[in-house]
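K.L.:
Quick one: the structure is below, and I'll ask about it shortly.
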Amino acid sequence: MVDSGLTSQVDYVLSTARSVRRKLDFETPVSRQDIEACIDVAVQAPTGLAGENWRFVVITDPELKAKIAAIYRDVLVQLSESRDVTLKPGHHALMARLHEIPCMIMVFSLGEPDVDTSAQLAFYGSILPAAWSLMLAMRARGIGTTWTTLLSSRSDEIRELLGIPEGVTQTVMLPAAYTKDANLKKAERKPASEVTYWNGWQNNA
Ligand SMILES: Cc1cc2nc3c(=O)[nH]c(=O)nc-3n(C[C@H](O)[C@H](O)[C@H](O)COP(=O)(O)O)c2cc1C
């Protein structure tokens, strides 16, 4: 039995979980209760061999946030200069105020990825669905986030700052704040008919 109310609500959340870099309430802390509720949802994600290797580090300490924001800024500026990438206003907006974000949630996995591609797929496939569920759970509670991976290029510094043990892998960092007047809409994407093949590569029939 299809519950059309549930379907439309889930589809709405999935389709509007945009990167939110502006229209964030930088003054109001994100409640611990909300964060824990979102993480409880996130850990329902699939995990290879029931590993449950996820660990979440929530950063609210102003000094730590300032240090992490400085690293983030550094990486993004270097990236834009070295690759001649033009940053969008939203990237600048988040970069400029990242130290003020009420909290940063960093998602780690126990273990390290293997060189073997299939093992890498299993490794990241056991952690990133949980991170995405976390982002969706926050979206459903009016908490805006952005999927960010830039900090992984400076994971040694993050390891030292947060006391992350060796053998633990850093993945995404989700800056989180309640949204303020954010009108989140579906993104422009190619439709299923253009990106889906049937019974073989490039078969549309
Ligand atoms: C692998 C990956 C890494 C990303 N890293 C960053 C990042 O470090 N900083 C950032 O502002 N956005 C980052 N993004 C977000 C994208 O720039 C983009 O906003 C998002 O994928 C699309 O969401 P939108 O349509 O709501 O913008 C990343 C996205 C992906 C998939």
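Each chain in the structure tokens gets a letter, A, B, ..., in the order shown, and its residues are numbered from 1; ligands are numbered from 1 in order too.
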May I have the residues within 7 Å of ligand 1, computed using only C-alpha atoms and all ligand atoms, as a list in words?
P.N.:
Ala17, Arg18, Ser19, Val20, His91, Leu94, Thr146, Trp147, Thr148, Thr149, Leu150 and Ala187 of chain A
K.L.:
Export, as a JSON list (two decimals), in the first residue's frame, the selected residues with all heavy atoms.
P.N.:
[["chain", "number", "residue", "atom", "x", "y", "z"],
["A", 17, "ALA", "N", 17.15, 19.13, -0.55],
["A", 17, "ALA", "CA", 18.31, 19.12, 0.38],
["A", 17, "ALA", "C", 19.48, 19.81, -0.30],
["A", 17, "ALA", "O", 20.48, 19.20, -0.64],
["A", 17, "ALA", "CB", 18.66, 17.70, 0.78],
["A", 18, "ARG", "N", 19.31, 21.08, -0.53],
["A", 18, "ARG", "CA", 20.32, 21.90, -1.22],
["A", 18, "ARG", "C", 21.48, 22.25, -0.28],
["A", 18, "ARG", "O", 21.34, 22.19, 0.93],
["A", 18, "ARG", "CB", 19.70, 23.22, -1.71],
["A", 18, "ARG", "CG", 18.49, 23.11, -2.61],
["A", 18, "ARG", "CD", 18.91, 23.25, -4.07],
["A", 18, "ARG", "NE", 19.71, 22.13, -4.49],
["A", 18, "ARG", "CZ", 19.20, 20.94, -4.84],
["A", 18, "ARG", "NH1", 17.92, 20.75, -4.83],
["A", 18, "ARG", "NH2", 19.99, 19.96, -5.21],
["A", 19, "SER", "N", 22.58, 22.67, -0.90],
["A", 19, "SER", "CA", 23.65, 23.26, -0.11],
["A", 19, "SER", "C", 23.11, 24.59, 0.42],
["A", 19, "SER", "O", 22.63, 25.41, -0.36],
["A", 19, "SER", "CB", 24.85, 23.60, -0.99],
["A", 19, "SER", "OG", 25.33, 22.44, -1.61],
["A", 20, "VAL", "N", 23.19, 24.79, 1.73],
["A", 20, "VAL", "CA", 22.73, 26.07, 2.29],
["A", 20, "VAL", "C", 23.95, 26.78, 2.87],
["A", 20, "VAL", "O", 24.49, 26.35, 3.89],
["A", 20, "VAL", "CB", 21.63, 25.89, 3.36],
["A", 20, "VAL", "CG1", 20.97, 27.23, 3.68],
["A", 20, "VAL", "CG2", 20.59, 24.88, 2.93],
["A", 91, "HIS", "N", 29.97, 30.14, -2.19],
["A", 91, "HIS", "CA", 31.22, 29.60, -1.64],
["A", 91, "HIS", "C", 31.91, 30.66, -0.79],
["A", 91, "HIS", "O", 32.40, 30.37, 0.30],
["A", 91, "HIS", "CB", 32.17, 29.16, -2.76],
["A", 91, "HIS", "CG", 31.70, 27.95, -3.50],
["A", 91, "HIS", "ND1", 31.31, 27.98, -4.81],
["A", 91, "HIS", "CD2", 31.52, 26.66, -3.10],
["A", 91, "HIS", "CE1", 30.94, 26.77, -5.19],
["A", 91, "HIS", "NE2", 31.05, 25.95, -4.18],
["A", 94, "LEU", "N", 29.99, 31.22, 2.59],
["A", 94, "LEU", "CA", 30.23, 30.21, 3.63],
["A", 94, "LEU", "C", 31.65, 30.32, 4.18],
["A", 94, "LEU", "O", 31.88, 30.28, 5.39],
["A", 94, "LEU", "CB", 29.99, 28.80, 3.07],
["A", 94, "LEU", "CG", 30.20, 27.66, 4.07],
["A", 94, "LEU", "CD1", 29.17, 27.71, 5.20],
["A", 94, "LEU", "CD2", 30.15, 26.29, 3.40],
["A", 146, "THR", "N", 25.89, 21.97, 4.15],
["A", 146, "THR", "CA", 26.52, 21.82, 2.83],
["A", 146, "THR", "C", 27.44, 20.62, 2.92],
["A", 146, "THR", "O", 28.14, 20.43, 3.92],
["A", 146, "THR", "CB", 27.35, 23.08, 2.48],
["A", 146, "THR", "OG1", 26.48, 24.20, 2.37],
["A", 146, "THR", "CG2", 28.10, 22.92, 1.16],
["A", 147, "TRP", "N", 27.43, 19.83, 1.88],
["A", 147, "TRP", "CA", 28.32, 18.66, 1.80],
["A", 147, "TRP", "C", 29.70, 19.19, 1.49],
["A", 147, "TRP", "O", 29.92, 19.75, 0.41],
["A", 147, "TRP", "CB", 27.80, 17.75, 0.68],
["A", 147, "TRP", "CG", 28.50, 16.45, 0.52],
["A", 147, "TRP", "CD1", 29.61, 16.22, -0.23],
["A", 147, "TRP", "CD2", 28.11, 15.19, 1.08],
["A", 147, "TRP", "NE1", 29.94, 14.89, -0.17],
["A", 147, "TRP", "CE2", 29.03, 14.24, 0.63],
["A", 147, "TRP", "CE3", 27.07, 14.79, 1.93],
["A", 147, "TRP", "CZ2", 28.95, 12.90, 0.99],
["A", 147, "TRP", "CZ3", 26.99, 13.45, 2.29],
["A", 147, "TRP", "CH2", 27.92, 12.53, 1.83],
["A", 148, "THR", "N", 30.65, 19.11, 2.39],
["A", 148, "THR", "CA", 31.99, 19.61, 2.09],
["A", 148, "THR", "C", 33.05, 18.53, 2.30],
["A", 148, "THR", "O", 32.99, 17.78, 3.28],
["A", 148, "THR", "CB", 32.38, 20.88, 2.90],
["A", 148, "THR", "OG1", 32.80, 20.48, 4.21],
["A", 148, "THR", "CG2", 31.26, 21.89, 3.00],
["A", 149, "THR", "N", 33.99, 18.49, 1.37],
["A", 149, "THR", "CA", 35.07, 17.50, 1.48],
["A", 149, "THR", "C", 36.46, 18.15, 1.45],
["A", 149, "THR", "O", 37.46, 17.45, 1.53],
["A", 149, "THR", "CB", 34.99, 16.46, 0.33],
["A", 149, "THR", "OG1", 35.09, 17.15, -0.91],
["A", 149, "THR", "CG2", 33.70, 15.68, 0.37],
["A", 150, "LEU", "N", 36.48, 19.47, 1.30],
["A", 150, "LEU", "CA", 37.76, 20.18, 1.14],
["A", 150, "LEU", "C", 38.76, 19.88, 2.25],
["A", 150, "LEU", "O", 39.96, 19.80, 2.02],
["A", 150, "LEU", "CB", 37.51, 21.69, 1.15],
["A", 150, "LEU", "CG", 36.98, 22.34, -0.13],
["A", 150, "LEU", "CD1", 36.77, 23.81, 0.11],
["A", 150, "LEU", "CD2", 37.97, 22.11, -1.26],
["A", 187, "ALA", "N", 16.74, 21.42, -7.71],
["A", 187, "ALA", "CA", 17.80, 21.90, -8.62],
["A", 187, "ALA", "C", 17.44, 21.53, -10.05],
["A", 187, "ALA", "O", 16.64, 20.63, -10.28],
["A", 187, "ALA", "CB", 19.12, 21.24, -8.23]]
K.L.:
I need the strand (DSSP E) residues of region 97-184 of chain A per DSSP on the backbone, written as number ranges by chain.
P.N.:
A: 103-110, 143-144, 168-178
K.L.:
Generate the output file for the selected residues, C-alpha atoms, as a PDB file, in the first residue's frame.
P.N.:
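again-v5.pdb written:
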ATOM      1  CA  CYS A 103      28.305  23.668  14.658  1.00  0.00           C
ATOM      2  CA  MET A 104      30.374  21.553  12.322  1.00  0.00           C
ATOM      3  CA  ILE A 105      29.708  17.849  12.130  1.00  0.00           C
ATOM      4  CA  MET A 106      32.595  15.753  10.902  1.00  0.00           C
ATOM      5  CA  VAL A 107      31.949  12.205   9.793  1.00  0.00           C
ATOM      6  CA  PHE A 108      34.714   9.667  10.314  1.00  0.00           C
ATOM      7  CA  SER A 109      35.033   5.983   9.594  1.00  0.00           C
ATOM      8  CA  LEU A 110      37.028   3.522  11.654  1.00  0.00           C
ATOM      9  CA  ILE A 143      18.814  22.726   9.685  1.00  0.00           C
ATOM     10  CA  GLY A 144      20.820  23.875   6.671  1.00  0.00           C
ATOM     11  CA  VAL A 168      40.459   6.502  11.394  1.00  0.00           C
ATOM     12  CA  THR A 169      39.463   8.129   8.094  1.00  0.00           C
ATOM     13  CA  GLN A 170      37.985  11.601   7.777  1.00  0.00           C
ATOM     14  CA  THR A 171      35.179  12.022   5.252  1.00  0.00           C
ATOM     15  CA  VAL A 172      32.742  14.926   4.989  1.00  0.00           C
ATOM     16  CA  MET A 173      32.251  17.985   7.152  1.00  0.00           C
ATOM     17  CA  LEU A 174      28.734  19.340   7.404  1.00  0.00           C
ATOM     18  CA  PRO A 175      28.502  22.926   8.693  1.00  0.00           C
ATOM     19  CA  ALA A 176      25.107  23.170  10.378  1.00  0.00           C
ATOM     20  CA  ALA A 177      22.777  26.003  11.375  1.00  0.00           C
ATOM     21  CA  TYR A 178      19.033  26.483  11.446  1.00  0.00           C
TER      22      TYR A 178
END
K.L.:
Separation of CA of Asp25 (chain A) and CA of Ser8 (chain A), in Å?
P.N.:
27.2 Å
K.L.:
Return as a ChimeraX atom specification the full set of residues in region 21-193 of chain A whose backbone-based DSSP assignment is helix (DSSP H, G or I).
P.N.:
/A:32-42,48-50,62-82,89-100,117-125,128-140,150-162,192-193
K.L.:
Ranking A:Ala130, A:Ala122, A:Leu6, A:Ala140 by minimum distance to Arg55 (chain A) and counting only C-alpha atoms, which one comes first?
P.N.:
A:Ala130
K.L.:
Which one of A:Val115, A:Leu76, A:Val41, A:Val2 sits closest to Pro129 (chain A) if you count only C-alpha atoms?
P.N.:
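Closest to Pro129 (chain A) of all the choices is A:Val41.
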K.L.:
Nearest residue to Arg97 (chain A) out of A:Ala66, A:Asp3, A:Asp84, A:Pro29, using only C-alpha atoms?
P.N.:
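Using only C-alpha atoms, the shortest distance to Arg97 (chain A) belongs to A:Ala66.
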K.L.:
Which residues come within 8 Å of region 48-52 of chain A, counting only C-alpha atoms, excluding same-chain residues fewer than 5 positions away, as JSON, numbers by chain?
P.N.:
{"A": [43, 122, 123, 125, 126]}
